[in-house]
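**Q** The structure follows.
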Amino acid sequence: MTDIRYLAPNTLDEAVSAFAAASGAASILAGGTDLLVQMRAGVRKPGTIIDIKKIPALTAIEDLGGGAFRIGAAVSGAVLAEHMGFAKAWPGVLEAINLIGSKQVQGRASPGGNLCNSSPAGDSVPAMVAAGAVVTIQGPNGKREVPVEAVPAGPGRTTLAPGEIVVSFTFPVRPKGASDAYLRMIPRTEMDIAVVGLGVNLTMEGGVVKAARVGLGAVAPTVLLVEGAAKALIGSRLEDAAVEAAAAACRAACKPIDDKRGTIAYRTKVAGVLLKRVVAIAAARAGGN
Amino acid sequence: MSKMHVTTTINGEPVEFLADVSSTLLDALRGSLGLTGTKEGCGTGDCGACSVTVDGRLMCSCLMLAVEAEGKSIGTIEGMAQGDHLHPLQQKFLEMAALQCGICTPGVLISARALLEKNPDPTEEEVRFGLAGNLCRCTGYDKIVRAVLETAADMRESAR
Ligand SMILES: Cc1cc2nc3c(=O)[nH]c(=O)nc-3n(C[C@H](O)[C@H](O)[C@H](O)COP(=O)(O)OP(=O)(O)OC[C@H]3O[C@@H](n4cnc5c(N)ncnc54)[C@H](O)[C@@H]3O)c2cc1C
Ligand code: FES
Ligand code: FES
């Protein structure tokens with residue numbers, strides 16, 4: 001067995017320098033619910049483990065006012081669930097994060113880890129894509145900001161450059177009449193991997209959809225932003241035809257795999273069904289806000 | 001192999017130990033610390049046999065590095081009874097035979113305690129969701145769920 005080093009820096013600069021200096025031989029540790037499983041299976045053998053949970057920006061929850069929030073990438077699902085303001089502004093994002101694993105897993109699992117693990121079935125990702133969250137990334141060449149959908153590159157791969165760390169997610173100001181929702185289809189009722197996951201974020205005004213975003217997971221190598229579905233919803237009063245057109249756009253966006261959890265035909269069909277269900281929940285919440 | 005020195009608190013007592021960076025908190029508890037009440041089922045976060053609390057929060061000790069325990073307060077099954085005085089959950093599990101082989105039981109008890117601390121009056125569904133991270137291959141869960149619900153009722157009664 002080789003020697004592994006463990007670092008738990010208190011500042012982002014130290015973490016970035018150590019991560020960049022290790023040139024690929026280091027792994028970032030947030031909740032470890034993916035990393036430790038992969039290490040145990042022998043598929044990851046980091047020379048250095050950099051624990052980011054002592055860095056204040058990575059574990060902070062900042063209420064920016066008007067429904068806007070900045071969430072540290074390493075905040076656990078259990079901690080986020082205790083923030084009443086966030087639950088009110090972004091119920092869909094919260095329900096997606098809280099679907100990750102059991103109560104035990106919730107005590108550790110973070111949205112940053114879910115995004116950077118880059119599973120096409122990561123539950124928080126479609127909801128954060130729908131929310132229009134902006135990812136703040138810090139690396140050896142400084143800071144940059146990208147939309148959530150720009151981070152995954154394929155199963156287990158991201159667009160992060162060597163040495164880059166995801167710092168936080170910024171959720172935009174919530175106009176009146178806006179809300180979101182997330183549902184996943186799984187064969188069991190708990191503790192399973194999504195066959196399809198779908199997040200919708202709507203802004204309603206007098207019964208008309210003013211803005212919409214749809215994030216779709218587990219049906220392609222990366223989580224997708226389905227712009228066609230949003231276009232079909234915007235300007236509508238969520239009449240059957242508009243919702244069916246949005247469902248068709250979701251089905252058309254699917255490039256799924258066949259596996260034991262679901263065939264291509266099943267996943268494609270379920271994507272359309274989920275779109276309708278999630279739109280209904282988001283619209284009801286938006287009306288009730 | 002270089003070891004790291006860890007200073008932590010376990011069941012209220014200050015503890016120091018040495019750990020390999022790659023070893024989990026579960027390895028340390030069951031290994032050098034000799035606290036074998038916490039069980040290992042899967043080692044991958046699926047079964048909950050290794051459940052502990054860390055600063056009051058429920059976690060799988062198999063999914064946490066031992067070195068991450070530095071400065072934290074860990075709660076294990078060994079700290080659940082006060083001397084000879086069993087926790088109400090432990091007492092009820094005995095009375096209602098909510099266990100068979102017992103390997104899942106420490107984890108189930110730790111989870112159930114965490115659940116009742118957050119929600120003293122859970123529905124059956126809330127108990128089942130709350131314990132979804134604890135697998136039991138013997139009891140069929142029904143006796144566990146009933147024992148947790150009865151303990152909750154007793155604890156509410158005695159808190160009045
Ligand atoms: C029993 C069990 C059930 C699960 N159920 C689900 C589920 O239902 N849905 C689901 O989506 N997932 C599930 N997962 C997977 C996992 O829990 C999630 O992906 C979780 O969000 C990972 O977060 P983490 O903080 O534990 O990540 P870690 O394991 O700490 O990190 C994950 C990966 O991202 C990298 N990383 C972490 N943070 C950063 C950062 N800030 N910047 C750069 N890189 C970073 C790490 O190096 C690692 O490669 C489950 C896992 C287990 C063990
Ligand atoms: S041993 Fe930790 S969850 Fe199974
Ligand atoms: S009593 Fe045997 S596993 Fe639960």
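By order of appearance in the structure tokens: chains A, B, ..., then residues from 1 within every chain, and ligands from 1 in the order shown.
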For a quick test of understanding: name the residues of chain A lying within 8 Å of chain B when counting only C-alpha atoms, and present them as a ChimeraX atom specification.
**A** /A:1-6,31-33,36-37,40,101-108,190-191
**Q** Can you list every residue in segment 35-101 of chain B that DSSP puts in helix (DSSP H, G or I), as a ChimeraX atom specification?
**A** /B:61-63,66-69,77-79,88-95
**Q** Find the residues near ligand 1. Use a cut-off of 6 Å, count only C-alpha atoms and all ligand atoms, and write them as number ranges by chain.
**A** A: 27-35, 73-74, 99-101, 108-114, 116-117, 121-123, 165-167, 191-193; B: 44-46
**Q** Once you count only C-alpha atoms and all ligand atoms, which residues end up within 12 Å of ligand 3, and could you hand them over as JSON, numbers by chain?
**A** {"B": [39, 40, 41, 47, 48, 49, 93, 94, 97, 98, 99, 100, 101, 102, 103, 104, 105, 106, 107, 108, 109, 134, 135, 136, 137, 138, 139, 140, 141, 142, 143, 144]}
**Q** So how many Å separate atom CA of Leu275 of chain A and atom CA of Gly177 of chain A, to one decimal?
**A**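 Pair atom CA of Leu275 of chain A / atom CA of Gly177 of chain A returns 19.4 Å.
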**Q** Assign secondary structure with DSSP using the backbone only, and return the residues of chain B in strand (DSSP E or B) as a ChimeraX atom specification.
**A** /B:3-10,13-20,24,51-54,57-60,65,73-75,82,85
**Q** I want to know what sits within 12 Å of Asn11 of chain B, based on only C-alpha atoms, with residues of the same chain fewer than 2 positions away left out; could you give that as a ChimeraX atom specification?
**A** /B:8-9,13-15,29,35,52-56,72-82
**Q** For atom CA of Ala69 of chain B and atom CA of Val79 of chain A, quote the distance in Å rounded to one decimal.
**A** 18.1 Å
**Q** Just how far from atom CA of Pro46 of chain A is atom CA of His5 of chain B, in Å to one decimal?
**A**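 Value for the atom CA of His5 of chain B-atom CA of Pro46 of chain A distance: 20.2 Å.
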**Q** Ala230 of chain A: which residues within 7 Å, counting only C-alpha atoms, same-chain residues fewer than 3 positions away excluded, as a list in words?
**A**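 In the requested form, the answer reads Ala212, Arg213, Val214, Val226, Glu227, Leu233, Ile234 and Ala246 of chain A.
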**Q** Measuring atom to atom with only C-alpha atoms and all ligand atoms, identify which of B:Cys42, B:Ala28, B:Val6, B:Ala152 is nearest to ligand 2.
**A**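 The closest residue to ligand 2 is B:Cys42.
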**Q** Of the candidates B:Leu25, B:Val145, B:Ala19, B:Ile10, which shows the shortest atom-to-atom distance to ligand 2, using only C-alpha atoms and all ligand atoms?
**A**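 Nearest candidate to ligand 2 out of B:Leu25, B:Val145, B:Ala19, B:Ile10: B:Leu25.
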